[in-house]
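Working notes, structure below.
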Amino acid sequence: MLKLIDVLDFGIKELSGYSLDPRFESFVFLEKTTGKTRVEILINEEGIKEEELSVFKGFLKRRIKGEPWQYIVGKTNFIGFDILTEKGVFIPRPETEFMASVAIERLKNFNTPYILEIGCGTGAISIAIACNIKEAKIIATDISEEAINLCKKNIDYHNLGSRINIIRTDLLNSFHSSEIFDMIISNPPYVSVENLKKLDLVVKNEPELAIDGGLGGVSLVNKILAGSVARLKSRGFVFIEIDDSNIPYLEIPSSISYSIVNDQYGRKRILKATKV
C-alpha cells in the first residue's frame with residue numbers, strides 16, 4: 001500500500017509540465033482527498049485507501065486537461081479567507097489580493113465607509129473588505145447569475161449577510177442618482193480582444209464574460225470610470241484592476257485625479273483615482 005508521501009511525489013511527477021507549482025497542487029489535491037493536513041501527509045506512516053487514491057488520480061487527470069485546481073477542490077484563499085469557487089465564475093488572483101489590500105489600507109481613514117464592488121464574481125474583494133473594516137457597508141454587483149449565486153454562498157459562509165448587499169445588475173445601471181459611495185472597486189474584464197487567443201489553457205477554462213475587455217481591454221474599465229463620477233462622494237476613491245497594456249486606451253474623466261500603482265510583481269496593475 002502506498003504511503004501518503006509516495007502519493008504526493010507521484011502527483012508532483014504527474015503535474016510537472018502542466019502546473020507552475022506541481023508540489024503545491026499535489027498537496028492541495030491530497031489534502032482534499034484525505035482530509036489530512038500537510039504535516040500529517042509528510043509524517044503519516046499509514047497507506048492511502050484505494051478509494052482515496054482513485055479520487056486523487058481523478059483530480060490529477062482533470063488538472064492535466066487544464067481545469068484550474070481551484071475548481072477541482074472547490075475553494076481558494078484570498079488574503080487569509082477561504083473563498084468557495086465554482087466553474088463558471090472567475091477565480092480571484094494574487095494581483096487582486098494586492099489591490100484589495102491597498103483599498104483596505106485606504107479605507108482605514110474612513111469612519112463608516114460605503115463601498116460598491118462592480119463585478120464581484122466570488123465576492124472575495126467585498127468579503128476581505130468587510131472582514132477587515134468592521135464598519136463598512138458594501139454593495140456587491142455582477143451581471144452573471146452564476147457569480148451572484150456563488151457570491152451569496154460565500155457571504156453566507158462568512159456570515160456577512162447583514163453588511164454586504166448583492167445586486168444583479170450591469171455596471172452602475174441600477175443606482176438612483178442619490179446613491180453615492182466613498183469607494184468604488186472593481187476587477188473588471190481587461191484582456192484585449194487581440195490577446196484572448198494568447199491566454200493559457202487554465203484561463204480559457206474560466207468564463208469569457210469575466211475576461212474579455214474588448215478593444216484595448218478597456219471597454220468596461222472606461223464605462224466604470226465615466227459612471228463613477230456621479231456615484232462618488234467628493235474625495236471618494238476608485239480602484240480598478242487593469243493591465244499595463246490598457247493604459248494607452250484609458251479615458252479618464254476631467255473630474256478625476258488618478259495614478260497607476262504597481263502590483264507585488266512590479267507591473268502597472270491598479271488604477272487608483274480620486275474625485276476632485
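Chain labels follow the order of the C-alpha cells: the first chain is A, the next B, and so on; residue numbering restarts at 1 in every chain, and ligands are counted from 1 in their shown order.
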| field | Spatial neighbours of region 147-155 of chain A, max dist 10 Å, only C-alpha atoms, sep filter under 6 positions, as a PyMOL selection string | value | chain A and resi 82-90+119-124+126-127+130+140-141+161-169+210
For the residues in that selection, give me C-alpha atoms as a short mmCIF file (atom, residue, chain, number, x, y, z; two decimals), in the first residue's frame.
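Contents of the output file out28.cif:
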data_model
loop_
_atom_site.label_atom_id
_atom_site.label_comp_id
_atom_site.auth_asym_id
_atom_site.auth_seq_id
_atom_site.Cartn_x
_atom_site.Cartn_y
_atom_site.Cartn_z
CA ASP A 82 -11.48 30.79 2.39
CA ILE A 83 -13.42 31.58 -0.77
CA LEU A 84 -15.64 28.96 -2.41
CA THR A 85 -15.04 28.53 -6.13
CA GLU A 86 -17.18 27.04 -8.88
CA LYS A 87 -16.81 26.55 -12.63
CA GLY A 88 -18.42 29.48 -14.43
CA VAL A 89 -17.14 32.13 -12.02
CA PHE A 90 -13.75 33.83 -12.33
CA GLY A 119 -18.24 42.63 -10.97
CA CYS A 120 -18.00 40.85 -7.64
CA GLY A 121 -17.52 37.31 -9.00
CA THR A 122 -16.92 35.09 -5.97
CA GLY A 123 -17.32 38.09 -3.66
CA ALA A 124 -13.70 37.83 -2.49
CA SER A 126 -16.15 42.54 -0.67
CA ILE A 127 -15.63 39.80 1.89
CA ALA A 130 -15.92 43.58 5.28
CA ALA A 140 -21.61 43.82 -4.48
CA THR A 141 -22.86 43.60 -8.06
CA GLY A 161 -25.29 38.95 5.01
CA SER A 162 -26.09 41.97 7.18
CA ARG A 163 -23.19 44.00 5.78
CA ILE A 164 -22.93 43.02 2.12
CA ASN A 165 -25.92 43.51 -0.17
CA ILE A 166 -25.85 41.70 -3.52
CA ILE A 167 -27.48 43.07 -6.67
CA ARG A 168 -27.53 41.52 -10.12
CA THR A 169 -27.02 44.43 -12.49
CA ALA A 210 -15.09 37.85 -16.86
#
| Contacts of Ala103 (chain A) at 10 Å or less, counting only C-alpha atoms, minus same-chain residues fewer than 5 places along, as a PyMOL selection string? | chain A and resi 97-98+108+125+129+183-185+237-239+272
| request: Using CA of Asn109 (chain A) and CA of Ile242 (chain A) as the two end points, give the distance in Å to one decimal. | output: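 Calculated distance between CA of Asn109 (chain A) and CA of Ile242 (chain A) is 24.6 Å.
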| query | Which residue out of A:Val202, A:Met99, A:Phe27, A:Tyr258 has the minimum interatomic distance to Leu42 (chain A) when only C-alpha atoms are used? | reply |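 The closest residue to Leu42 (chain A) is A:Phe27.
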12 Å contact set for Lys197 (chain A), only C-alpha atoms, chain neighbours under 5 positions out, as a PDB file with N, CA and C atoms, in the first residue's frame:
ATOM      1  N   VAL A 191      -8.745  41.922 -20.503  1.00  0.00           N
ATOM      2  CA  VAL A 191      -7.919  41.323 -21.551  1.00  0.00           C
ATOM      3  C   VAL A 191      -8.449  41.800 -22.908  1.00  0.00           C
ATOM      4  N   SER A 192      -7.571  42.347 -23.720  1.00  0.00           N
ATOM      5  CA  SER A 192      -7.992  42.859 -25.023  1.00  0.00           C
ATOM      6  C   SER A 192      -8.372  41.720 -25.961  1.00  0.00           C
ATOM      7  N   VAL A 203      -6.717  29.596 -17.957  1.00  0.00           N
ATOM      8  CA  VAL A 203      -7.571  30.783 -18.013  1.00  0.00           C
ATOM      9  C   VAL A 203      -8.721  30.571 -18.991  1.00  0.00           C
ATOM     10  N   LYS A 204      -8.470  29.839 -20.065  1.00  0.00           N
ATOM     11  CA  LYS A 204      -9.535  29.582 -21.044  1.00  0.00           C
ATOM     12  C   LYS A 204     -10.633  28.702 -20.469  1.00  0.00           C
ATOM     13  N   GLU A 208     -15.483  33.569 -20.231  1.00  0.00           N
ATOM     14  CA  GLU A 208     -15.003  34.651 -21.089  1.00  0.00           C
ATOM     15  C   GLU A 208     -15.620  35.985 -20.703  1.00  0.00           C
ATOM     16  N   ILE A 211     -13.386  37.937 -18.610  1.00  0.00           N
ATOM     17  CA  ILE A 211     -12.024  38.123 -19.116  1.00  0.00           C
ATOM     18  C   ILE A 211     -11.960  39.111 -20.277  1.00  0.00           C
ATOM     19  N   ASP A 212     -12.918  39.023 -21.200  1.00  0.00           N
ATOM     20  CA  ASP A 212     -12.895  39.793 -22.448  1.00  0.00           C
ATOM     21  C   ASP A 212     -13.194  41.271 -22.187  1.00  0.00           C
TER      22      ASP A 212
END
| message | With distances taken over only C-alpha atoms, which residue among A:Met1, A:Leu220, A:Ile43, A:Leu232 lies nearest Pro113 (chain A)? | response |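 Once distances to Pro113 (chain A) are computed over only C-alpha atoms, the minimum belongs to A:Leu232.
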| message | Let me make sure I understand: among A:Phe29, A:Thr112, A:Thr34, A:Gly216, which one has the smallest atom-to-atom distance to Pro248 (chain A) if we use only C-alpha atoms? | response | A:Gly216
| request: Can you pull out every residue within 12 Å of Lys49 (chain A), counting only C-alpha atoms, but drop anything in the same chain fewer than 3 positions away, and send it as a ChimeraX atom specification? | output: /A:1-4,7,30,33-34,46,52-56
Do a neighbour search on Asp263 (chain A) at 10 Å with only C-alpha atoms, toss out local chain neighbours closer than 6 positions, and write the hits as a compact mmCIF listing (two decimals) with N, CA and C atoms, in the first residue's frame.
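Full text of result_25.txt as output:
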# COMPACT_ATOMS: atom_id res chain seq x y z
N PRO A 94 -3.75 36.57 -7.10
CA PRO A 94 -2.90 37.31 -6.16
C PRO A 94 -2.85 38.81 -6.44
N GLU A 95 -2.91 39.20 -7.73
CA GLU A 95 -2.91 40.63 -8.06
C GLU A 95 -4.13 41.33 -7.47
N THR A 96 -5.25 40.62 -7.47
CA THR A 96 -6.48 41.19 -6.91
C THR A 96 -6.39 41.26 -5.39
N GLU A 97 -5.72 40.28 -4.77
CA GLU A 97 -5.45 40.36 -3.34
C GLU A 97 -4.68 41.64 -3.02
N PHE A 98 -3.70 41.94 -3.86
CA PHE A 98 -2.89 43.14 -3.63
C PHE A 98 -3.76 44.39 -3.72
N MET A 99 -4.62 44.48 -4.75
CA MET A 99 -5.49 45.64 -4.89
C MET A 99 -6.42 45.77 -3.69
N VAL A 102 -4.53 47.18 -0.74
CA VAL A 102 -4.31 48.62 -0.87
C VAL A 102 -5.58 49.38 -0.54
N GLU A 241 -8.63 47.18 -11.21
CA GLU A 241 -7.51 46.36 -11.65
C GLU A 241 -7.43 46.42 -13.18
N ARG A 269 -0.70 47.86 -12.39
CA ARG A 269 -1.84 46.96 -12.19
C ARG A 269 -3.09 47.65 -11.66
N ILE A 270 -2.94 48.70 -10.86
CA ILE A 270 -4.10 49.28 -10.19
C ILE A 270 -4.28 50.72 -10.61
| request: Write out as a PyMOL selection string all residues of region 50-123 of chain A that DSSP puts in alpha helix (DSSP H) for this structure's backbone. | output: chain A and resi 50-64+69-73+94-107
| request: Write down as a PyMOL selection string the residues belonging to region 158-241 of chain A that are assigned strand (DSSP E or B) by DSSP computed on the backbone. | output: chain A and resi 164-168+181-186+191+212+232-241
Only C-alpha atoms, please: the residues just picked out, written as a compact mmCIF listing (two decimals), in the first residue's frame.
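Output file result-v2.txt follows:
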# COMPACT_ATOMS: atom_id res chain seq x y z
CA ILE A 164 -22.93 43.02 2.12
CA ASN A 165 -25.92 43.51 -0.17
CA ILE A 166 -25.85 41.70 -3.52
CA ILE A 167 -27.48 43.07 -6.67
CA ARG A 168 -27.53 41.52 -10.12
CA PHE A 181 -20.19 55.91 -2.36
CA ASP A 182 -16.93 56.50 -0.54
CA MET A 183 -15.23 53.92 -2.74
CA ILE A 184 -15.91 52.01 -5.94
CA ILE A 185 -13.71 48.99 -6.56
CA SER A 186 -13.64 46.57 -9.47
CA VAL A 191 -7.92 41.32 -21.55
CA ASP A 212 -12.90 39.79 -22.45
CA LEU A 232 -18.73 59.03 -5.80
CA LYS A 233 -18.72 61.42 -2.89
CA SER A 234 -16.30 64.32 -3.07
CA ARG A 235 -12.79 62.92 -2.48
CA GLY A 236 -14.17 59.42 -2.98
CA PHE A 237 -11.91 56.75 -4.44
CA VAL A 238 -11.96 54.33 -7.36
CA PHE A 239 -9.75 51.24 -7.52
CA ILE A 240 -9.76 49.29 -10.79
CA GLU A 241 -7.51 46.36 -11.65
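If only C-alpha atoms are the atoms counted, then among A:Thr76, A:Ala273, A:Tyr114, A:Pro188 the closest residue to Ser259 (chain A) is A:Ala273.
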| Which polymer residues have any atom within 7 Å of an atom of Val218 (chain A), counting only C-alpha atoms, with same-chain residues fewer than 5 positions away left out, as a list in words? |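 Answer for this query is Tyr190, Gly213, Asn246, Tyr249 and Leu250 of chain A.
If you look at CA of Leu201 (chain A) and CA of Lys65 (chain A), they are 8.5 Å away from each other.
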| task | May I ask for the distance between CA of Gly227 (chain A) and CA of Phe175 (chain A), given in Å to one decimal place? | result |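 Rounded to one decimal, the two atoms are 10.5 Å apart.
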| message | Considering only C-alpha atoms, can you say which of A:Phe78, A:Arg106, A:Glu51, A:His176 comes closest to Ala128 (chain A)? | response |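 Of A:Phe78, A:Arg106, A:Glu51, A:His176, the one nearest Ala128 (chain A) is A:Phe78, counting only C-alpha atoms.
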